[in-house]
Amino acid sequence: MNLHAQIIEESGKPKFAVLPIAEYESLLNELSDFDSIEDLADYLTATKIKSENKTWHTLNDVKAELGI
């Protein structure tokens with residue numbers, strides 16, 4: 001999602017971001033699936049890791065490799 005935010009500064013530093021209402025409502029909709037910001041962060045981390053890994057192993061394969 002590309003955000004088209006207008007940044008409002010105070011004393012030369014970013015203070016507020018103003019979004020078009022459609023983008024704001026879309027963000028609210030996306031975030032409503034998560035109970036906390038930590039859950040969102042965990043989801044984003046897992047998604048990134050999943051996209052970076054090309055080879056996956058079953059739990060049984062991992063146990064066999066570790067001898068457990």
# chains A, B, ... in the order shown; residues from 1 in each chain; ligands from 1

call {"tool": "select_by_dssp", "arguments": {"residues": "chain A", "states": "helix (DSSP H, G or I)", "output": "PyMOL selection string"}}
result
chain A and resi 21-31+37-52+59-66

call {"tool": "residues_around", "arguments": {"residues": "Leu19 (chain A)", "least_positions_apart": "3", "cutoff": "10 Å", "atoms": "only C-alpha atoms", "output": "MDAnalysis selection string"}}
result
chainID A and resid 3:7 16 22:25

call {"tool": "write_last_selection", "arguments": {"atoms": "N, CA, C and O atoms", "output": "PDB file, in the first residue's frame"}}
result
ATOM      1  N   LEU A   3       1.039   5.087   0.760  1.00  0.00           N
ATOM      2  CA  LEU A   3       0.314   6.126   1.495  1.00  0.00           C
ATOM      3  C   LEU A   3       0.623   7.480   0.874  1.00  0.00           C
ATOM      4  O   LEU A   3       1.752   7.758   0.491  1.00  0.00           O
ATOM      5  N   HIS A   4      -0.392   8.280   0.787  1.00  0.00           N
ATOM      6  CA  HIS A   4      -0.253   9.626   0.251  1.00  0.00           C
ATOM      7  C   HIS A   4      -0.504  10.608   1.391  1.00  0.00           C
ATOM      8  O   HIS A   4      -1.521  11.284   1.442  1.00  0.00           O
ATOM      9  N   ALA A   5       0.433  10.639   2.313  1.00  0.00           N
ATOM     10  CA  ALA A   5       0.284  11.459   3.510  1.00  0.00           C
ATOM     11  C   ALA A   5       0.813  12.862   3.280  1.00  0.00           C
ATOM     12  O   ALA A   5       1.822  13.067   2.616  1.00  0.00           O
ATOM     13  N   GLN A   6       0.102  13.804   3.866  1.00  0.00           N
ATOM     14  CA  GLN A   6       0.599  15.180   3.919  1.00  0.00           C
ATOM     15  C   GLN A   6       1.232  15.324   5.303  1.00  0.00           C
ATOM     16  O   GLN A   6       0.583  15.073   6.322  1.00  0.00           O
ATOM     17  N   ILE A   7       2.493  15.694   5.345  1.00  0.00           N
ATOM     18  CA  ILE A   7       3.212  15.833   6.604  1.00  0.00           C
ATOM     19  C   ILE A   7       3.150  17.290   7.062  1.00  0.00           C
ATOM     20  O   ILE A   7       3.471  18.203   6.310  1.00  0.00           O
ATOM     21  N   PHE A  16       2.597  15.800  12.405  1.00  0.00           N
ATOM     22  CA  PHE A  16       1.367  15.090  12.073  1.00  0.00           C
ATOM     23  C   PHE A  16       1.438  14.582  10.638  1.00  0.00           C
ATOM     24  O   PHE A  16       2.134  15.147   9.812  1.00  0.00           O
ATOM     25  N   ALA A  22      -9.938   7.469   2.477  1.00  0.00           N
ATOM     26  CA  ALA A  22      -9.971   6.083   1.975  1.00  0.00           C
ATOM     27  C   ALA A  22      -8.747   5.305   2.457  1.00  0.00           C
ATOM     28  O   ALA A  22      -8.861   4.134   2.836  1.00  0.00           O
ATOM     29  N   GLU A  23      -7.591   5.937   2.465  1.00  0.00           N
ATOM     30  CA  GLU A  23      -6.380   5.260   2.949  1.00  0.00           C
ATOM     31  C   GLU A  23      -6.462   5.030   4.452  1.00  0.00           C
ATOM     32  O   GLU A  23      -6.063   3.978   4.947  1.00  0.00           O
ATOM     33  N   TYR A  24      -6.981   6.002   5.186  1.00  0.00           N
ATOM     34  CA  TYR A  24      -7.147   5.865   6.633  1.00  0.00           C
ATOM     35  C   TYR A  24      -8.077   4.695   6.947  1.00  0.00           C
ATOM     36  O   TYR A  24      -7.773   3.849   7.790  1.00  0.00           O
ATOM     37  N   GLU A  25      -9.210   4.623   6.254  1.00  0.00           N
ATOM     38  CA  GLU A  25     -10.169   3.545   6.498  1.00  0.00           C
ATOM     39  C   GLU A  25      -9.581   2.189   6.113  1.00  0.00           C
ATOM     40  O   GLU A  25      -9.823   1.190   6.783  1.00  0.00           O
TER      41      GLU A  25
END

call {"tool": "residues_around", "arguments": {"residues": "region 26-34 of chain A", "least_positions_apart": "6", "cutoff": "10 Å", "atoms": "only C-alpha atoms", "output": "PDB file with all heavy atoms, in the first residue's frame"}}
result
ATOM      1  N   MET A   1       0.843  -1.170   0.000  1.00  0.00           N
ATOM      2  CA  MET A   1       0.000   0.000   0.000  1.00  0.00           C
ATOM      3  C   MET A   1       0.891   1.238   0.000  1.00  0.00           C
ATOM      4  O   MET A   1       1.800   1.351   0.802  1.00  0.00           O
ATOM      5  CB  MET A   1      -0.893   0.000   1.245  1.00  0.00           C
ATOM      6  CG  MET A   1      -1.564   1.332   1.500  1.00  0.00           C
ATOM      7  SD  MET A   1      -2.463   1.427   3.052  1.00  0.00           S
ATOM      8  CE  MET A   1      -3.917   0.546   2.620  1.00  0.00           C
ATOM      9  N   LEU A   3       1.039   5.087   0.760  1.00  0.00           N
ATOM     10  CA  LEU A   3       0.314   6.126   1.495  1.00  0.00           C
ATOM     11  C   LEU A   3       0.623   7.480   0.874  1.00  0.00           C
ATOM     12  O   LEU A   3       1.752   7.758   0.491  1.00  0.00           O
ATOM     13  CB  LEU A   3       0.718   6.119   2.968  1.00  0.00           C
ATOM     14  CG  LEU A   3       0.366   4.860   3.743  1.00  0.00           C
ATOM     15  CD1 LEU A   3       0.842   4.980   5.182  1.00  0.00           C
ATOM     16  CD2 LEU A   3      -1.121   4.591   3.706  1.00  0.00           C
ATOM     17  N   LEU A  40       0.919  -7.301  15.096  1.00  0.00           N
ATOM     18  CA  LEU A  40       1.189  -6.823  13.744  1.00  0.00           C
ATOM     19  C   LEU A  40       2.671  -6.964  13.411  1.00  0.00           C
ATOM     20  O   LEU A  40       3.030  -7.448  12.338  1.00  0.00           O
ATOM     21  CB  LEU A  40       0.755  -5.362  13.587  1.00  0.00           C
ATOM     22  CG  LEU A  40       1.148  -4.680  12.282  1.00  0.00           C
ATOM     23  CD1 LEU A  40       0.536  -5.391  11.077  1.00  0.00           C
ATOM     24  CD2 LEU A  40       0.769  -3.214  12.308  1.00  0.00           C
ATOM     25  N   ALA A  41       3.533  -6.584  14.342  1.00  0.00           N
ATOM     26  CA  ALA A  41       4.979  -6.684  14.123  1.00  0.00           C
ATOM     27  C   ALA A  41       5.390  -8.142  13.907  1.00  0.00           C
ATOM     28  O   ALA A  41       6.194  -8.444  13.012  1.00  0.00           O
ATOM     29  CB  ALA A  41       5.739  -6.077  15.296  1.00  0.00           C
ATOM     30  N   TYR A  43       3.509 -10.569  12.744  1.00  0.00           N
ATOM     31  CA  TYR A  43       2.984 -10.969  11.440  1.00  0.00           C
ATOM     32  C   TYR A  43       3.890 -10.462  10.316  1.00  0.00           C
ATOM     33  O   TYR A  43       4.226 -11.208   9.395  1.00  0.00           O
ATOM     34  CB  TYR A  43       1.563 -10.442  11.256  1.00  0.00           C
ATOM     35  CG  TYR A  43       1.040 -10.619   9.851  1.00  0.00           C
ATOM     36  CD1 TYR A  43       0.590 -11.861   9.420  1.00  0.00           C
ATOM     37  CD2 TYR A  43       1.008  -9.559   8.958  1.00  0.00           C
ATOM     38  CE1 TYR A  43       0.122 -12.041   8.129  1.00  0.00           C
ATOM     39  CE2 TYR A  43       0.545  -9.725   7.672  1.00  0.00           C
ATOM     40  CZ  TYR A  43       0.101 -10.956   7.258  1.00  0.00           C
ATOM     41  OH  TYR A  43      -0.339 -11.132   5.978  1.00  0.00           O
TER      42      TYR A  43
END

call {"tool": "select_by_dssp", "arguments": {"residues": "chain A", "states": "strand (DSSP E)", "output": "list of chain:residue names"}}
result
A:Gln6, A:Ile7, A:Ile8, A:Glu9, A:Glu10, A:Lys13, A:Pro14, A:Lys15, A:Phe16, A:Ala17, A:Val18

call {"tool": "write_last_selection", "arguments": {"atoms": "all heavy atoms", "output": "compact mmCIF listing (two decimals), in the first residue's frame"}}
result
# COMPACT_ATOMS: atom_id res chain seq x y z
N GLN A 6 0.10 13.80 3.87
CA GLN A 6 0.60 15.18 3.92
C GLN A 6 1.23 15.32 5.30
O GLN A 6 0.58 15.07 6.32
CB GLN A 6 -0.54 16.17 3.76
CG GLN A 6 -0.11 17.61 3.92
CD GLN A 6 -1.29 18.57 3.90
OE1 GLN A 6 -2.43 18.17 3.76
NE2 GLN A 6 -1.00 19.84 4.07
N ILE A 7 2.49 15.69 5.34
CA ILE A 7 3.21 15.83 6.60
C ILE A 7 3.15 17.29 7.06
O ILE A 7 3.47 18.20 6.31
CB ILE A 7 4.69 15.40 6.46
CG1 ILE A 7 4.78 13.97 5.88
CG2 ILE A 7 5.43 15.51 7.78
CD1 ILE A 7 4.09 12.90 6.71
N ILE A 8 2.73 17.47 8.30
CA ILE A 8 2.66 18.81 8.89
C ILE A 8 3.78 18.92 9.91
O ILE A 8 3.92 18.06 10.78
CB ILE A 8 1.29 19.06 9.56
CG1 ILE A 8 0.19 18.93 8.50
CG2 ILE A 8 1.27 20.42 10.23
CD1 ILE A 8 -1.21 18.96 9.08
N GLU A 9 4.57 19.95 9.77
CA GLU A 9 5.73 20.13 10.64
C GLU A 9 5.46 21.21 11.70
O GLU A 9 4.64 22.10 11.50
CB GLU A 9 6.96 20.54 9.82
CG GLU A 9 7.40 19.45 8.86
CD GLU A 9 8.65 19.84 8.08
OE1 GLU A 9 9.11 20.99 8.18
OE2 GLU A 9 9.16 18.97 7.37
N GLU A 10 6.17 21.06 12.80
CA GLU A 10 6.16 22.06 13.86
C GLU A 10 7.61 22.28 14.27
O GLU A 10 8.31 21.32 14.58
CB GLU A 10 5.33 21.57 15.04
CG GLU A 10 5.17 22.61 16.14
CD GLU A 10 4.24 22.10 17.24
OE1 GLU A 10 3.00 22.17 17.04
OE2 GLU A 10 4.76 21.62 18.26
N LYS A 13 10.11 20.09 12.42
CA LYS A 13 10.11 18.63 12.60
C LYS A 13 8.72 18.07 12.31
O LYS A 13 7.71 18.69 12.63
CB LYS A 13 10.51 18.28 14.03
CG LYS A 13 11.92 18.69 14.37
CD LYS A 13 12.29 18.27 15.77
CE LYS A 13 13.74 18.71 16.05
NZ LYS A 13 14.17 18.31 17.38
N PRO A 14 8.66 16.88 11.70
CA PRO A 14 7.35 16.27 11.42
C PRO A 14 6.55 16.10 12.71
O PRO A 14 7.06 15.60 13.71
CB PRO A 14 7.70 14.91 10.83
CG PRO A 14 9.11 15.03 10.36
CD PRO A 14 9.76 16.03 11.27
N LYS A 15 5.30 16.56 12.68
CA LYS A 15 4.45 16.50 13.86
C LYS A 15 3.19 15.65 13.60
O LYS A 15 2.76 14.89 14.46
CB LYS A 15 4.06 17.91 14.28
CG LYS A 15 3.25 18.03 15.53
CD LYS A 15 4.10 17.85 16.75
CE LYS A 15 3.27 18.11 18.00
NZ LYS A 15 4.04 18.11 19.19
N PHE A 16 2.60 15.80 12.41
CA PHE A 16 1.37 15.09 12.07
C PHE A 16 1.44 14.58 10.64
O PHE A 16 2.13 15.15 9.81
CB PHE A 16 0.15 16.02 12.17
CG PHE A 16 -0.08 16.61 13.53
CD1 PHE A 16 0.38 17.87 13.83
CD2 PHE A 16 -0.76 15.90 14.51
CE1 PHE A 16 0.18 18.43 15.08
CE2 PHE A 16 -0.96 16.44 15.75
CZ PHE A 16 -0.48 17.71 16.05
N ALA A 17 0.68 13.51 10.38
CA ALA A 17 0.51 13.01 9.02
C ALA A 17 -0.99 12.99 8.74
O ALA A 17 -1.77 12.44 9.51
CB ALA A 17 1.09 11.62 8.87
N VAL A 18 -1.38 13.60 7.64
CA VAL A 18 -2.78 13.65 7.23
C VAL A 18 -2.93 12.73 6.03
O VAL A 18 -2.19 12.83 5.05
CB VAL A 18 -3.20 15.09 6.87
CG1 VAL A 18 -4.66 15.12 6.44
CG2 VAL A 18 -2.96 16.03 8.04
